[in-house]
$ cat run.pdb   # PDB, C-alpha atoms, pLDDT in the B column
ATOM      1  CA  MET A1021      31.402  -2.470   8.638  1.00 68.00           C
ATOM      2  CA  ARG A1022      27.784  -2.257   9.751  1.00 78.00           C
ATOM      3  CA  ARG A1023      25.128  -2.986   7.188  1.00 78.00           C
ATOM      4  CA  PRO A1024      22.944   0.069   6.429  1.00 76.00           C
ATOM      5  CA  THR A1025      19.409  -0.055   7.796  1.00 86.00           C
ATOM      6  CA  LEU A1026      16.308   1.657   6.482  1.00 93.00           C
ATOM      7  CA  ASN A1027      15.564   5.133   7.886  1.00 96.00           C
ATOM      8  CA  ARG A1028      13.529   7.139   5.354  1.00 96.00           C
ATOM      9  CA  THR A1029      10.648   9.518   6.003  1.00 96.00           C
ATOM     10  CA  VAL A1030       8.513  11.327   3.436  1.00 96.00           C
ATOM     11  CA  ILE A1031       5.833  13.819   4.500  1.00 97.00           C
ATOM     12  CA  SER A1032       4.032  16.857   3.136  1.00 95.00           C
ATOM     13  CA  GLY A1033       2.425  19.826   4.832  1.00 96.00           C
ATOM     14  CA  ARG A1034       2.774  23.522   5.648  1.00 94.00           C
ATOM     15  CA  ILE A1035       5.662  25.190   7.418  1.00 93.00           C
ATOM     16  CA  VAL A1036       4.211  26.671  10.608  1.00 92.00           C
ATOM     17  CA  GLU A1037       7.434  27.629  12.402  1.00 92.00           C
ATOM     18  CA  ARG A1038      10.862  28.523  11.030  1.00 93.00           C
ATOM     19  CA  ASP A1039      13.999  29.779  12.744  1.00 94.00           C
ATOM     20  CA  VAL A1040      16.353  32.281  11.180  1.00 94.00           C
ATOM     21  CA  LEU A1041      18.845  30.792   8.735  1.00 96.00           C
ATOM     22  CA  ARG A1042      22.252  30.604  10.414  1.00 96.00           C
ATOM     23  CA  HIS A1043      25.574  28.898   9.713  1.00 97.00           C
ATOM     24  CA  THR A1044      27.363  26.048  11.465  1.00 96.00           C
ATOM     25  CA  PRO A1045      30.934  26.556  12.739  1.00 96.00           C
ATOM     26  CA  GLY A1046      32.006  24.817   9.514  1.00 97.00           C
ATOM     27  CA  GLY A1047      30.165  27.428   7.435  1.00 97.00           C
ATOM     28  CA  LEU A1048      27.169  25.330   6.315  1.00 97.00           C
ATOM     29  CA  PRO A1049      23.731  26.991   6.244  1.00 97.00           C
ATOM     30  CA  ILE A1050      21.276  25.445   8.743  1.00 97.00           C
ATOM     31  CA  VAL A1051      17.636  26.133   9.573  1.00 96.00           C
ATOM     32  CA  ARG A1052      15.214  24.470  11.981  1.00 96.00           C
ATOM     33  CA  PHE A1053      11.506  24.440  11.199  1.00 95.00           C
ATOM     34  CA  CYS A1054       8.216  22.668  11.909  1.00 94.00           C
ATOM     35  CA  ILE A1055       5.886  21.069   9.352  1.00 95.00           C
ATOM     36  CA  GLU A1056       2.161  20.711  10.063  1.00 96.00           C
ATOM     37  CA  HIS A1057       0.676  17.693   8.261  1.00 96.00           C
ATOM     38  CA  ARG A1058      -3.029  16.889   7.757  1.00 96.00           C
ATOM     39  CA  SER A1059      -4.380  14.012   5.684  1.00 96.00           C
ATOM     40  CA  VAL A1060      -6.658  10.992   5.570  1.00 96.00           C
ATOM     41  CA  GLN A1061      -4.797   7.684   5.550  1.00 96.00           C
ATOM     42  CA  VAL A1062      -6.130   4.175   5.006  1.00 96.00           C
ATOM     43  CA  GLU A1063      -5.718   1.982   8.072  1.00 95.00           C
ATOM     44  CA  ALA A1064      -7.293  -1.453   8.531  1.00 95.00           C
ATOM     45  CA  GLY A1065      -9.488  -0.808   5.504  1.00 95.00           C
ATOM     46  CA  GLY A1066     -10.912   2.464   6.786  1.00 95.00           C
ATOM     47  CA  GLY A1067     -10.061   6.142   6.610  1.00 96.00           C
ATOM     48  CA  ARG A1068      -8.200   7.742   9.496  1.00 96.00           C
ATOM     49  CA  GLU A1069      -7.787  11.497   9.869  1.00 97.00           C
ATOM     50  CA  VAL A1070      -4.162  12.278  10.631  1.00 96.00           C
ATOM     51  CA  SER A1071      -2.718  15.526  11.932  1.00 97.00           C
ATOM     52  CA  CYS A1072       0.709  16.095  13.413  1.00 97.00           C
ATOM     53  CA  LYS A1073       3.574  18.547  13.679  1.00 97.00           C
ATOM     54  CA  VAL A1074       7.063  17.358  12.780  1.00 97.00           C
ATOM     55  CA  ASN A1075      10.206  19.174  13.891  1.00 97.00           C
ATOM     56  CA  ALA A1076      12.773  19.290  11.098  1.00 97.00           C
ATOM     57  CA  VAL A1077      16.226  20.615  10.282  1.00 97.00           C
ATOM     58  CA  ALA A1078      17.833  21.302   6.919  1.00 97.00           C
ATOM     59  CA  ILE A1079      21.582  21.693   6.476  1.00 97.00           C
ATOM     60  CA  GLY A1080      23.540  22.793   3.419  1.00 96.00           C
ATOM     61  CA  ASP A1081      21.916  23.794   0.132  1.00 94.00           C
ATOM     62  CA  THR A1082      18.538  22.422   1.251  1.00 94.00           C
ATOM     63  CA  ALA A1083      18.465  24.934   4.141  1.00 95.00           C
ATOM     64  CA  THR A1084      18.397  27.891   1.769  1.00 93.00           C
ATOM     65  CA  SER A1085      15.283  26.554   0.000  1.00 92.00           C
ATOM     66  CA  VAL A1086      13.040  26.326   3.099  1.00 92.00           C
ATOM     67  CA  PRO A1087      10.155  28.826   2.720  1.00 85.00           C
ATOM     68  CA  ALA A1088       9.213  31.255   5.492  1.00 81.00           C
ATOM     69  CA  ALA A1089       6.724  30.147   8.132  1.00 74.00           C
ATOM     70  CA  GLY A1090       3.192  31.365   7.561  1.00 73.00           C
ATOM     71  CA  SER A1091       3.776  31.692   3.824  1.00 75.00           C
ATOM     72  CA  ASP A1092       1.144  28.951   3.318  1.00 73.00           C
ATOM     73  CA  ALA A1093       3.605  27.222   1.015  1.00 78.00           C
ATOM     74  CA  GLU A1094       2.925  23.516   0.773  1.00 89.00           C
ATOM     75  CA  VAL A1095       6.092  21.460   0.967  1.00 94.00           C
ATOM     76  CA  ALA A1096       7.009  17.817   0.529  1.00 95.00           C
ATOM     77  CA  VAL A1097      10.167  16.653   2.257  1.00 96.00           C
ATOM     78  CA  ARG A1098      12.276  13.503   2.341  1.00 97.00           C
ATOM     79  CA  GLY A1099      14.873  12.718   4.960  1.00 97.00           C
ATOM     80  CA  PHE A1100      15.824  10.576   7.936  1.00 97.00           C
ATOM     81  CA  LEU A1101      14.932  10.595  11.625  1.00 97.00           C
ATOM     82  CA  CYS A1102      17.530  11.256  14.303  1.00 95.00           C
ATOM     83  CA  ARG A1103      17.613  12.165  17.983  1.00 94.00           C
ATOM     84  CA  ALA A1104      17.511  15.891  18.708  1.00 91.00           C
ATOM     85  CA  GLY A1105      20.715  15.630  20.764  1.00 88.00           C
ATOM     86  CA  LEU A1106      22.917  13.349  22.818  1.00 90.00           C
ATOM     87  CA  LYS A1107      20.650  13.627  25.870  1.00 93.00           C
ATOM     88  CA  ASP A1108      17.447  14.570  24.037  1.00 90.00           C
ATOM     89  CA  GLU A1109      15.602  11.542  22.664  1.00 90.00           C
ATOM     90  CA  ARG A1110      12.936  13.523  20.783  1.00 94.00           C
ATOM     91  CA  LEU A1111      12.984  12.793  17.057  1.00 96.00           C
ATOM     92  CA  VAL A1112      13.884  15.388  14.430  1.00 97.00           C
ATOM     93  CA  LEU A1113      13.496  14.936  10.684  1.00 98.00           C
ATOM     94  CA  HIS A1114      16.781  15.749   8.911  1.00 97.00           C
ATOM     95  CA  VAL A1115      15.638  16.969   5.498  1.00 97.00           C
ATOM     96  CA  GLU A1116      17.646  15.828   2.481  1.00 96.00           C
ATOM     97  CA  ALA A1117      15.189  16.943  -0.243  1.00 95.00           C
ATOM     98  CA  LEU A1118      12.448  19.577  -0.253  1.00 95.00           C
ATOM     99  CA  LYS A1119       9.915  20.561  -2.899  1.00 93.00           C
ATOM    100  CA  THR A1120       7.607  23.552  -2.552  1.00 88.00           C
ATOM    101  CA  ALA A1121       4.006  23.732  -3.759  1.00 69.00           C
ATOM    102  CA  ALA A1122       3.974  19.965  -4.045  1.00 42.00           C
ATOM    103  CA  PRO A1123       0.593  18.299  -4.588  1.00 48.00           C
ATOM    104  CA  PRO A1124      -0.195  15.433  -2.178  1.00 50.00           C
ATOM    105  CA  ASP A1125       0.635  12.798  -4.805  1.00 52.00           C
ATOM    106  CA  ASP A1126       3.969  14.372  -5.782  1.00 49.00           C
ATOM    107  CA  ASN A1127       6.783  11.849  -5.970  1.00 57.00           C
ATOM    108  CA  ILE A1128       9.395  13.243  -3.553  1.00 56.00           C
ATOM    109  CA  GLU A1129      10.994   9.769  -3.558  1.00 58.00           C
ATOM    110  CA  SER A1130      12.631  10.624  -6.888  1.00 54.00           C
ATOM    111  CA  ALA A1131      13.972  13.997  -5.710  1.00 52.00           C
ATOM    112  CA  HIS A1132      17.737  14.312  -5.333  1.00 45.00           C
ATOM    113  CA  SER A1133      19.574  16.918  -3.317  1.00 44.00           C
ATOM    114  CA  GLU A1134      23.114  16.019  -4.290  1.00 40.00           C
TER
END

$ encode --input "run.pdb" --output "structure tokens"
Amino acid sequence: MRRPTLNRTVISGRIVERDVLRHTPGGLPIVRFCIEHRSVQVEAGGGREVSCKVNAVAIGDTATSVPAAGSDAEVAVRGFLCRAGLKDERLVLHVEALKTAAPPDDNIESAHSE
């Protein structure tokens, strides 16, 4: 058995794009969306302005809690990174936990989506 390796991502931002909620062939709810993140991070002792868009997908109960795009809802998400597809090496964040209206210092690390 392979030993598990670390693959955890935590990020906050606004949802700027969101597909329609649909269901997998197995009946699970699924929704794809994009999070826009802006912050100032400390790097090499100085402040660095950071802005990025992260493509994400939520499956199961978490999918039904994703707010609509343009709602200006702040979200904090926790999940893991995975390839978008077998032949598509772009990264997608698979969301395991999502909190809405989360302040920047919110502790999403303690959120559980079991």

$ atom_distance --input "run.pdb" --atom1 "atom CA of A:Lys1107" --atom2 "atom CA of A:His1043"
22.8 Å

$ resolve_selection --input "run.pdb" --expression "the PyMOL selection byres ((chain A and resi 1087) around 12)" --output "count of residues only"
32

$ resolve_selection --input "run.pdb" --expression "the PyMOL selection byres ((chain A and resi 1110-1117) around 7)" --output "list in words"
Asn1075, Ala1076, Val1077, Ala1078, Thr1082, Val1097, Arg1098, Gly1099, Phe1100, Leu1101, Cys1102, Arg1103, Ala1104, Asp1108, Glu1109, Leu1118, Lys1119, Ala1131, His1132 and Ser1133 of chain A

$ resolve_selection --input "run.pdb" --expression "the PyMOL selection byres ((chain A and resi 1071) around 12)" --output "ChimeraX atom specification"
/A:1031-1034,1055-1061,1068-1070,1072-1074

$ atom_distance --input "run.pdb" --atom1 "atom CA of A:Asp1081" --atom2 "atom CA of A:Val1030"
18.6 Å

$ closest_residue --input "run.pdb" --among "A:Glu1063, A:Arg1028, A:Gly1105, A:Gly1080" --to "A:Ile1050" --atoms "only C-alpha atoms"
A:Gly1080

$ decode --input "run.pdb" --residues "stretch 1066-1092 of chain A" --atoms "C-alpha atoms" --output "mmCIF file, in the first residue's frame"
data_model
loop_
_atom_site.group_PDB
_atom_site.id
_atom_site.type_symbol
_atom_site.label_atom_id
_atom_site.label_comp_id
_atom_site.auth_asym_id
_atom_site.auth_seq_id
_atom_site.Cartn_x
_atom_site.Cartn_y
_atom_site.Cartn_z
ATOM 1 C CA GLY A 1066 8.226 41.774 2.347
ATOM 2 C CA GLY A 1067 4.631 42.124 1.236
ATOM 3 C CA ARG A 1068 3.592 40.694 -2.115
ATOM 4 C CA GLU A 1069 0.249 41.452 -3.745
ATOM 5 C CA VAL A 1070 -1.324 38.215 -4.917
ATOM 6 C CA SER A 1071 -4.229 37.784 -7.307
ATOM 7 C CA CYS A 1072 -5.311 34.626 -9.073
ATOM 8 C CA LYS A 1073 -8.298 32.659 -10.298
ATOM 9 C CA VAL A 1074 -8.632 29.031 -9.240
ATOM 10 C CA ASN A 1075 -10.858 26.553 -11.061
ATOM 11 C CA ALA A 1076 -12.698 24.315 -8.610
ATOM 12 C CA VAL A 1077 -15.228 21.501 -8.471
ATOM 13 C CA ALA A 1078 -17.466 20.383 -5.622
ATOM 14 C CA ILE A 1079 -19.134 16.976 -5.537
ATOM 15 C CA GLY A 1080 -21.746 15.637 -3.134
ATOM 16 C CA ASP A 1081 -23.228 17.678 -0.291
ATOM 17 C CA THR A 1082 -20.577 20.389 -0.704
ATOM 18 C CA ALA A 1083 -21.822 21.077 -4.260
ATOM 19 C CA THR A 1084 -25.222 22.200 -3.015
ATOM 20 C CA SER A 1085 -23.651 24.837 -0.738
ATOM 21 C CA VAL A 1086 -21.711 26.715 -3.457
ATOM 22 C CA PRO A 1087 -23.158 30.253 -3.784
ATOM 23 C CA ALA A 1088 -24.097 31.745 -7.155
ATOM 24 C CA ALA A 1089 -21.450 33.608 -9.134
ATOM 25 C CA GLY A 1090 -21.620 37.371 -8.817
ATOM 26 C CA SER A 1091 -23.343 37.134 -5.442
ATOM 27 C CA ASP A 1092 -20.252 38.803 -3.907
#
